[in-house]
file my_file.csv (CSV, C-alpha atoms)
chain,number,residue,atom,x,y,z
A,16,MET,CA,104.8,101.3,141.5
A,17,THR,CA,102.9,101.9,138.4
A,18,THR,CA,101.5,99.2,136.1
A,19,LYS,CA,101.3,99.9,132.4
A,20,LEU,CA,98.1,98.6,131.0
A,21,GLN,CA,97.6,97.6,127.4
A,22,THR,CA,95.2,99.7,125.4
A,23,PRO,CA,91.8,98.1,125.3
A,24,ALA,CA,90.9,96.3,122.1
A,25,ILE,CA,87.9,98.5,121.5
A,26,ALA,CA,90.1,101.7,121.4
A,27,GLY,CA,91.9,100.6,118.3
A,28,ALA,CA,94.9,102.1,116.5
A,29,ASN,CA,92.7,104.0,114.1
A,30,THR,CA,90.9,105.9,116.8
A,31,MET,CA,92.2,109.4,117.5
A,32,GLU,CA,91.3,110.8,120.9
A,33,GLY,CA,89.6,114.1,120.7
A,34,SER,CA,89.2,114.0,116.9
A,35,SER,CA,86.0,113.6,115.0
A,36,VAL,CA,87.5,110.9,112.7
A,37,LYS,CA,85.3,107.9,112.7
A,38,PRO,CA,87.2,104.6,113.4
A,39,THR,CA,87.1,101.9,110.7
A,40,PRO,CA,85.2,98.9,111.9
A,41,PRO,CA,87.5,95.8,112.0
A,42,MET,CA,85.2,93.8,109.8
A,43,MET,CA,85.3,96.5,107.1
A,44,ALA,CA,89.1,96.5,107.2
A,45,LEU,CA,89.1,92.7,106.9
A,46,ILE,CA,86.7,92.5,104.0
A,47,ALA,CA,88.3,95.5,102.2
A,48,GLY,CA,91.7,93.9,102.7
A,49,TRP,CA,90.5,90.6,101.3
A,50,LEU,CA,88.8,92.2,98.3
A,51,VAL,CA,91.6,94.5,97.3
A,52,PRO,CA,95.1,93.7,98.6
A,53,GLY,CA,96.3,96.4,101.0
A,54,ALA,CA,93.0,98.2,101.1
A,55,GLY,CA,92.5,97.4,104.8
A,56,HIS,CA,95.7,99.1,105.7
A,57,LEU,CA,94.9,102.1,103.4
A,58,LEU,CA,91.6,102.5,105.1
A,59,LEU,CA,93.4,102.7,108.5
A,60,GLY,CA,95.7,105.3,107.2
A,61,LYS,CA,98.7,103.0,106.9
A,62,TYR,CA,99.5,104.2,103.4
A,63,ILE,CA,103.0,102.9,102.9
A,64,ARG,CA,102.2,99.5,104.3
A,65,GLY,CA,99.0,99.3,102.2
A,66,LEU,CA,100.9,100.2,99.0
A,67,LEU,CA,103.7,97.7,99.7
A,68,LEU,CA,101.1,95.0,100.3
A,69,LEU,CA,99.2,96.0,97.1
A,70,VAL,CA,102.4,95.9,95.0
A,71,SER,CA,103.7,92.6,96.5
A,72,ILE,CA,100.4,90.7,96.3
A,73,VAL,CA,99.2,92.0,92.9
A,74,GLY,CA,102.8,91.6,91.6
A,75,MET,CA,103.0,88.0,92.7
A,76,PHE,CA,99.5,87.2,91.3
A,77,ALA,CA,100.4,88.9,88.0
A,78,ILE,CA,103.7,87.0,87.7
A,79,GLY,CA,101.9,83.8,88.4
A,80,ILE,CA,99.4,84.6,85.5
A,81,ALA,CA,102.3,85.7,83.2
A,82,LEU,CA,104.1,82.4,83.9
A,83,GLN,CA,100.9,80.6,82.6
A,84,GLY,CA,100.0,79.3,86.1
A,85,LYS,CA,96.7,77.6,86.7
A,86,VAL,CA,93.8,79.3,88.4
A,87,TYR,CA,91.8,76.7,90.3
A,88,SER,CA,88.1,76.2,89.8
A,89,PRO,CA,85.6,75.0,92.5
A,90,ASN,CA,83.9,71.6,92.4
A,91,THR,CA,86.5,69.6,90.6
A,92,GLY,CA,86.3,66.8,93.1
A,93,GLU,CA,90.1,66.6,93.6
A,94,PRO,CA,91.2,67.3,97.2
A,95,LEU,CA,94.4,69.1,96.1
A,96,ASP,CA,92.4,71.2,93.6
A,97,MET,CA,90.0,72.2,96.4
A,98,LEU,CA,93.0,73.3,98.5
A,99,GLY,CA,94.3,75.2,95.6
A,100,PHE,CA,90.9,76.8,95.0
A,101,ALA,CA,90.8,77.9,98.7
A,102,GLY,CA,94.3,79.5,98.3
A,103,ASP,CA,93.3,81.2,95.1
A,104,LEU,CA,90.1,82.5,96.6
A,105,GLY,CA,92.2,84.4,99.2
A,106,ALA,CA,93.2,86.9,96.4
A,107,GLY,CA,89.6,88.3,96.5
A,108,ALA,CA,88.8,90.5,93.5
A,109,LEU,CA,91.9,89.4,91.7
A,110,TYR,CA,90.6,85.8,91.6
A,111,GLY,CA,87.2,87.0,90.4
A,112,LEU,CA,88.9,89.0,87.7
A,113,ALA,CA,91.0,86.1,86.6
A,114,ARG,CA,88.0,83.8,86.3
A,115,LEU,CA,86.0,86.5,84.5
A,116,LEU,CA,88.8,87.0,81.9
A,117,GLY,CA,89.6,83.4,81.6
A,118,TRP,CA,93.2,83.7,82.9
A,119,GLY,CA,95.0,80.6,84.0
A,120,GLN,CA,92.8,78.1,82.3
A,121,ALA,CA,95.4,76.5,80.0
A,122,PRO,CA,96.9,73.2,81.1
A,123,VAL,CA,100.2,73.3,82.9
A,124,LEU,CA,102.8,71.8,80.6
A,125,ILE,CA,106.1,73.2,81.7
A,126,ALA,CA,107.9,73.5,85.1
A,127,VAL,CA,107.8,77.3,85.1
A,128,ALA,CA,104.0,77.2,84.7
A,129,ASP,CA,103.9,75.1,87.9
A,130,TYR,CA,105.8,77.9,89.6
A,131,GLY,CA,103.2,80.3,88.3
A,132,THR,CA,100.4,78.1,89.9
A,133,LYS,CA,102.3,78.3,93.2
A,134,PHE,CA,102.7,82.1,92.9
A,135,ILE,CA,99.0,82.5,92.4
A,136,VAL,CA,98.0,80.3,95.4
A,137,VAL,CA,100.6,81.9,97.7
A,138,SER,CA,99.5,85.5,96.7
A,139,GLY,CA,96.0,84.5,97.8
A,140,LEU,CA,97.3,83.1,101.1
A,141,LEU,CA,99.4,86.2,101.7
A,142,ASN,CA,96.4,88.4,101.0
A,143,ILE,CA,94.5,86.6,103.8
A,144,VAL,CA,97.4,87.2,106.2
A,145,ALA,CA,97.4,90.9,105.2
A,146,ALA,CA,93.6,91.2,105.7
A,147,VAL,CA,93.8,89.6,109.1
A,148,ASP,CA,96.6,92.0,110.0
A,149,ALA,CA,94.3,95.0,109.0
A,150,HIS,CA,91.6,93.5,111.2
A,151,SER,CA,94.0,93.2,114.1
A,152,LEU,CA,95.1,96.8,113.6
A,153,ALA,CA,91.5,98.1,113.5
A,154,SER,CA,90.5,96.1,116.6
A,155,GLY,CA,93.5,97.2,118.5
A,156,ARG,CA,94.9,93.7,119.0
A,157,LYS,CA,98.0,94.8,117.1
A,158,ARG,CA,99.6,98.0,118.5
A,159,SER,CA,100.6,99.8,115.4
B,8,MET,CA,107.1,85.1,80.2
B,9,THR,CA,109.8,82.8,81.4
B,10,VAL,CA,112.1,83.1,84.4
B,11,SER,CA,115.0,81.0,85.6
B,12,HIS,CA,114.5,78.9,88.7
B,13,PHE,CA,116.8,81.2,90.7
B,14,SER,CA,114.9,84.3,89.5
B,15,ALA,CA,111.6,82.6,90.6
B,16,VAL,CA,113.1,82.0,94.0
B,17,LEU,CA,114.3,85.6,94.3
B,18,LEU,CA,110.8,87.0,93.3
B,19,PHE,CA,109.0,84.6,95.6
B,20,ALA,CA,111.3,85.4,98.5
B,21,LEU,CA,111.0,89.2,97.9
B,22,PHE,CA,107.2,89.4,97.8
B,23,THR,CA,106.7,87.0,100.6
B,24,SER,CA,109.2,88.6,102.9
B,25,ILE,CA,107.6,92.1,102.4
B,26,VAL,CA,104.2,90.7,103.5
B,27,PHE,CA,105.7,88.8,106.4
B,28,GLY,CA,107.7,91.8,107.6
B,29,ILE,CA,104.7,94.1,107.5
B,30,THR,CA,102.2,91.7,109.1
B,31,GLN,CA,104.3,89.9,111.7
B,32,ARG,CA,106.0,92.9,113.4
B,33,ALA,CA,104.6,96.2,114.8
B,34,GLU,CA,107.5,98.6,114.5
B,35,PRO,CA,108.8,99.7,111.1
B,36,ARG,CA,112.4,99.0,112.1
B,37,MET,CA,111.6,95.5,113.2
B,38,MET,CA,109.5,95.0,110.1
B,39,ILE,CA,112.6,95.7,107.9
B,40,ARG,CA,114.7,93.4,110.1
B,41,PHE,CA,112.2,90.5,110.0
B,42,GLY,CA,111.6,90.9,106.3
B,43,ALA,CA,115.3,90.8,105.6
B,44,LEU,CA,115.7,87.7,107.8
B,45,CYS,CA,112.8,86.0,106.0
B,46,PHE,CA,114.4,86.8,102.6
B,47,ALA,CA,117.8,85.5,103.7
B,48,LEU,CA,116.2,82.3,105.1
B,49,PHE,CA,114.1,81.7,101.9
B,50,VAL,CA,117.0,82.2,99.5
B,51,GLY,CA,119.6,80.5,101.8
B,52,GLY,CA,117.3,77.6,102.5
B,53,THR,CA,116.7,77.1,98.8
B,54,VAL,CA,120.4,77.2,97.9
B,55,ALA,CA,121.2,74.8,100.8
B,56,ALA,CA,118.4,72.4,99.6
B,57,SER,CA,119.8,72.6,96.1
B,58,TRP,CA,123.2,71.6,97.3
B,59,VAL,CA,121.8,68.7,99.3
B,60,MET,CA,119.9,67.4,96.2
B,61,TRP,CA,123.2,67.7,94.2
B,62,ILE,CA,125.1,65.7,96.8
B,63,ILE,CA,122.4,63.0,96.9
B,64,LYS,CA,122.5,62.8,93.1
B,65,HIS,CA,126.3,62.5,93.0
call {"tool": "encode", "arguments": {"input": "my_file.csv", "output": "structure tokens"}}
result
Amino acid sequence: MTTKLQTPAIAGANTMEGSSVKPTPPMMALIAGWLVPGAGHLLLGKYIRGLLLLVSIVGMFAIGIALQGKVYSPNTGEPLDMLGFAGDLGAGALYGLARLLGWGQAPVLIAVADYGTKFIVVSGLLNIVAAVDAHSLASGRKRS
Amino acid sequence: MTVSHFSAVLLFALFTSIVFGITQRAEPRMMIRFGALCFALFVGGTVAASWVMWIIKH
């Protein structure tokens, strides 16, 4: 009877036996995926997944901004604002760009703008999920 | 830009389901199935909740 062993975590999905391709370090996949949505997957050669993640997360963030959603700032002192800031921060470079260009600073006056705020926060949270997935792929914890 | 409430639900469900499908399953076929399930649950759940609110109001 043979027992099928799982691939060790160190021999991740991005390693190719017998090839000279250098595997992407899991932390690099995580950080790249956080900074630019889908970049972690693109680094690992998962191009379709990376592009779908890029379009979905950037699209969601852009719609949130277009709906005049709020981009949270740090140090407001309000617990809910701090949670919103943590969610927004997940969008990585998109959050930095929004703060730099002053997007999402107008007060939320209509219901649709409140939807926009949620779109922005959720796009950040989804980006964190995607970056962690890229880390799992690079470390071999996720098979493919 | 303005969208209707239902359009906002559809957009939210679409983008979220794509990310969930890709990240929560390992095989492409299962990714599509899980993404479609998430989309149906998001939209169906919202429609069901809307009817519940309507019933409570009336």
call {"tool": "closest_atom_pairs", "arguments": {"input": "my_file.csv", "of": "chain A", "to": "chain B", "cutoff": "10 Å", "atoms": "only C-alpha atoms", "output": "tab-separated table"}}
result
residue	atom	partner	partner_atom	distance
A:Arg64	CA	B:Ile29	CA	6.8
A:Gly65	CA	B:Ile29	CA	9.4
A:Leu67	CA	B:Ile25	CA	7.3
A:Leu68	CA	B:Val26	CA	6.2
A:Leu69	CA	B:Val26	CA	9.7
A:Val70	CA	B:Phe22	CA	8.6
A:Ser71	CA	B:Phe22	CA	4.9
A:Ile72	CA	B:Phe22	CA	7.1
A:Val73	CA	B:Phe22	CA	9.7
A:Gly74	CA	B:Phe22	CA	7.9
A:Met75	CA	B:Phe22	CA	6.8
A:Ile78	CA	B:Met8	CA	8.5
A:Gly79	CA	B:Met8	CA	9.8
A:Ile80	CA	B:Met8	CA	9.4
A:Ala81	CA	B:Met8	CA	5.7
A:Leu82	CA	B:Met8	CA	5.5
A:Gln83	CA	B:Met8	CA	8.0
A:Ala126	CA	B:His12	CA	9.3
A:Val127	CA	B:Thr9	CA	6.9
A:Ala128	CA	B:Thr9	CA	8.7
A:Tyr130	CA	B:Ala15	CA	7.5
A:Gly131	CA	B:Ala15	CA	9.0
A:Lys133	CA	B:Phe19	CA	9.5
A:Phe134	CA	B:Phe19	CA	7.3
A:Val137	CA	B:Thr23	CA	8.5
A:Ser138	CA	B:Thr23	CA	8.3
A:Leu141	CA	B:Val26	CA	6.8
A:Asn142	CA	B:Val26	CA	8.5
A:Val144	CA	B:Thr30	CA	7.2
A:Ala145	CA	B:Thr30	CA	6.2
A:Ala146	CA	B:Thr30	CA	9.3
A:Val147	CA	B:Thr30	CA	8.7
A:Asp148	CA	B:Thr30	CA	5.7
A:Ala149	CA	B:Thr30	CA	8.6
A:Ser151	CA	B:Thr30	CA	9.7
A:Leu152	CA	B:Ala33	CA	9.6
A:Lys157	CA	B:Ala33	CA	7.1
A:Arg158	CA	B:Ala33	CA	6.5
A:Ser159	CA	B:Ala33	CA	5.4
call {"tool": "write_last_selection", "arguments": {"input": "my_file.csv", "atoms": "C-alpha atoms", "output": "compact mmCIF listing (two decimals), in the coordinates of the input"}}
result
# COMPACT_ATOMS: atom_id res chain seq x y z
CA ARG A 64 102.20 99.50 104.30
CA GLY A 65 99.00 99.30 102.20
CA LEU A 67 103.70 97.70 99.70
CA LEU A 68 101.10 95.00 100.30
CA LEU A 69 99.20 96.00 97.10
CA VAL A 70 102.40 95.90 95.00
CA SER A 71 103.70 92.60 96.50
CA ILE A 72 100.40 90.70 96.30
CA VAL A 73 99.20 92.00 92.90
CA GLY A 74 102.80 91.60 91.60
CA MET A 75 103.00 88.00 92.70
CA ILE A 78 103.70 87.00 87.70
CA GLY A 79 101.90 83.80 88.40
CA ILE A 80 99.40 84.60 85.50
CA ALA A 81 102.30 85.70 83.20
CA LEU A 82 104.10 82.40 83.90
CA GLN A 83 100.90 80.60 82.60
CA ALA A 126 107.90 73.50 85.10
CA VAL A 127 107.80 77.30 85.10
CA ALA A 128 104.00 77.20 84.70
CA TYR A 130 105.80 77.90 89.60
CA GLY A 131 103.20 80.30 88.30
CA LYS A 133 102.30 78.30 93.20
CA PHE A 134 102.70 82.10 92.90
CA VAL A 137 100.60 81.90 97.70
CA SER A 138 99.50 85.50 96.70
CA LEU A 141 99.40 86.20 101.70
CA ASN A 142 96.40 88.40 101.00
CA VAL A 144 97.40 87.20 106.20
CA ALA A 145 97.40 90.90 105.20
CA ALA A 146 93.60 91.20 105.70
CA VAL A 147 93.80 89.60 109.10
CA ASP A 148 96.60 92.00 110.00
CA ALA A 149 94.30 95.00 109.00
CA SER A 151 94.00 93.20 114.10
CA LEU A 152 95.10 96.80 113.60
CA LYS A 157 98.00 94.80 117.10
CA ARG A 158 99.60 98.00 118.50
CA SER A 159 100.60 99.80 115.40
call {"tool": "atom_distance", "arguments": {"input": "my_file.csv", "atom1": "CA of Lys61 (chain A)", "atom2": "CA of Phe49 (chain B)"}}
result
26.8 Å
call {"tool": "atom_distance", "arguments": {"input": "my_file.csv", "atom1": "CA of Ala113 (chain A)", "atom2": "CA of Asp129 (chain A)"}}
result
17.0 Å
call {"tool": "closest_residue", "arguments": {"input": "my_file.csv", "among": "A:Val123, A:Leu115, A:Leu58, A:Ala106", "to": "Phe76 (chain A)", "atoms": "all atoms listed in the file"}}
result
A:Ala106
call {"tool": "atom_distance", "arguments": {"input": "my_file.csv", "atom1": "CA of Phe13 (chain B)", "atom2": "CA of Ile125 (chain A)"}}
result
16.1 Å
call {"tool": "residues_around", "arguments": {"input": "my_file.csv", "residues": "Gly119 (chain A)", "least_positions_apart": "3", "cutoff": "6 Å", "atoms": "all atoms listed in the file", "output": "PyMOL selection string"}}
result
chain A and resi 84-86
call {"tool": "closest_residue", "arguments": {"input": "my_file.csv", "among": "A:Ala47, A:Met42, A:Val136, A:Ala54", "to": "Gly105 (chain A)", "atoms": "only C-alpha atoms"}}
result
A:Val136
call {"tool": "residues_around", "arguments": {"input": "my_file.csv", "residues": "Pro41 (chain A)", "least_positions_apart": "3", "cutoff": "9 Å", "atoms": "only C-alpha atoms", "output": "PyMOL selection string"}}
result
chain A and resi 38+44-46+55+149-155
call {"tool": "axis_aligned_box", "arguments": {"input": "my_file.csv", "around": "region 17-24 of chain B", "padding_each_side": "6 Å", "output": "lines of an AutoDock Vina configuration file"}}
result
center_x = 110.5
center_y = 87.0
center_z = 98.1
size_x = 19.6
size_y = 16.8
size_z = 21.6
call {"tool": "decode", "arguments": {"input": "my_file.csv", "residues": "chain B", "atoms": "C-alpha atoms", "output": "compact mmCIF listing (two decimals), in the first residue's frame"}}
result
# COMPACT_ATOMS: atom_id res chain seq x y z
CA MET B 8 -21.77 58.59 -10.82
CA THR B 9 -24.97 57.16 -9.42
CA VAL B 10 -26.21 53.58 -9.44
CA SER B 11 -29.46 52.02 -8.34
CA HIS B 12 -29.50 49.93 -5.19
CA PHE B 13 -29.88 46.75 -7.22
CA SER B 14 -26.99 47.66 -9.56
CA ALA B 15 -24.82 48.26 -6.51
CA VAL B 16 -25.73 44.79 -5.21
CA LEU B 17 -24.90 43.20 -8.57
CA LEU B 18 -21.53 44.98 -8.81
CA PHE B 19 -20.61 44.16 -5.23
CA ALA B 20 -21.61 40.51 -5.64
CA LEU B 21 -19.73 40.19 -8.94
CA PHE B 22 -16.38 41.55 -7.74
CA THR B 23 -16.51 39.84 -4.37
CA SER B 24 -17.46 36.48 -5.90
CA ILE B 25 -14.56 36.62 -8.35
CA VAL B 26 -12.06 37.17 -5.50
CA PHE B 27 -13.67 34.52 -3.28
CA GLY B 28 -13.72 32.01 -6.13
CA ILE B 29 -10.03 32.50 -6.95
CA THR B 30 -8.79 32.55 -3.38
CA GLN B 31 -10.93 29.90 -1.70
CA ARG B 32 -10.58 27.05 -4.21
CA ALA B 33 -7.55 25.42 -5.85
CA GLU B 34 -8.90 24.05 -9.15
CA PRO B 35 -10.19 26.38 -11.89
CA ARG B 36 -13.42 24.40 -12.30
CA MET B 37 -14.13 24.60 -8.57
CA MET B 38 -13.24 28.31 -8.57
CA ILE B 39 -15.97 29.00 -11.13
CA ARG B 40 -18.49 26.89 -9.23
CA PHE B 41 -17.70 28.51 -5.89
CA GLY B 42 -17.71 32.00 -7.42
CA ALA B 43 -21.12 31.35 -9.00
CA LEU B 44 -22.43 30.03 -5.67
CA CYS B 45 -21.18 33.12 -3.83
CA PHE B 46 -22.77 35.40 -6.45
CA ALA B 47 -26.11 33.60 -6.19
CA LEU B 48 -26.02 33.71 -2.38
CA PHE B 49 -25.12 37.42 -2.31
CA VAL B 50 -27.87 38.43 -4.74
CA GLY B 51 -30.43 35.91 -3.48
CA GLY B 52 -29.74 36.83 0.15
CA THR B 53 -30.19 40.52 -0.59
CA VAL B 54 -33.46 39.96 -2.46
CA ALA B 55 -34.73 37.72 0.37
CA ALA B 56 -33.73 40.31 3.00
CA SER B 57 -35.50 43.01 0.97
CA TRP B 58 -38.73 40.99 0.96
CA VAL B 59 -38.43 40.40 4.71
CA MET B 60 -38.10 44.16 5.26
CA TRP B 61 -41.10 44.77 3.00
CA ILE B 62 -43.17 42.23 4.97
CA ILE B 63 -42.15 43.79 8.30
CA LYS B 64 -43.14 47.22 7.03
CA HIS B 65 -46.56 46.09 5.76
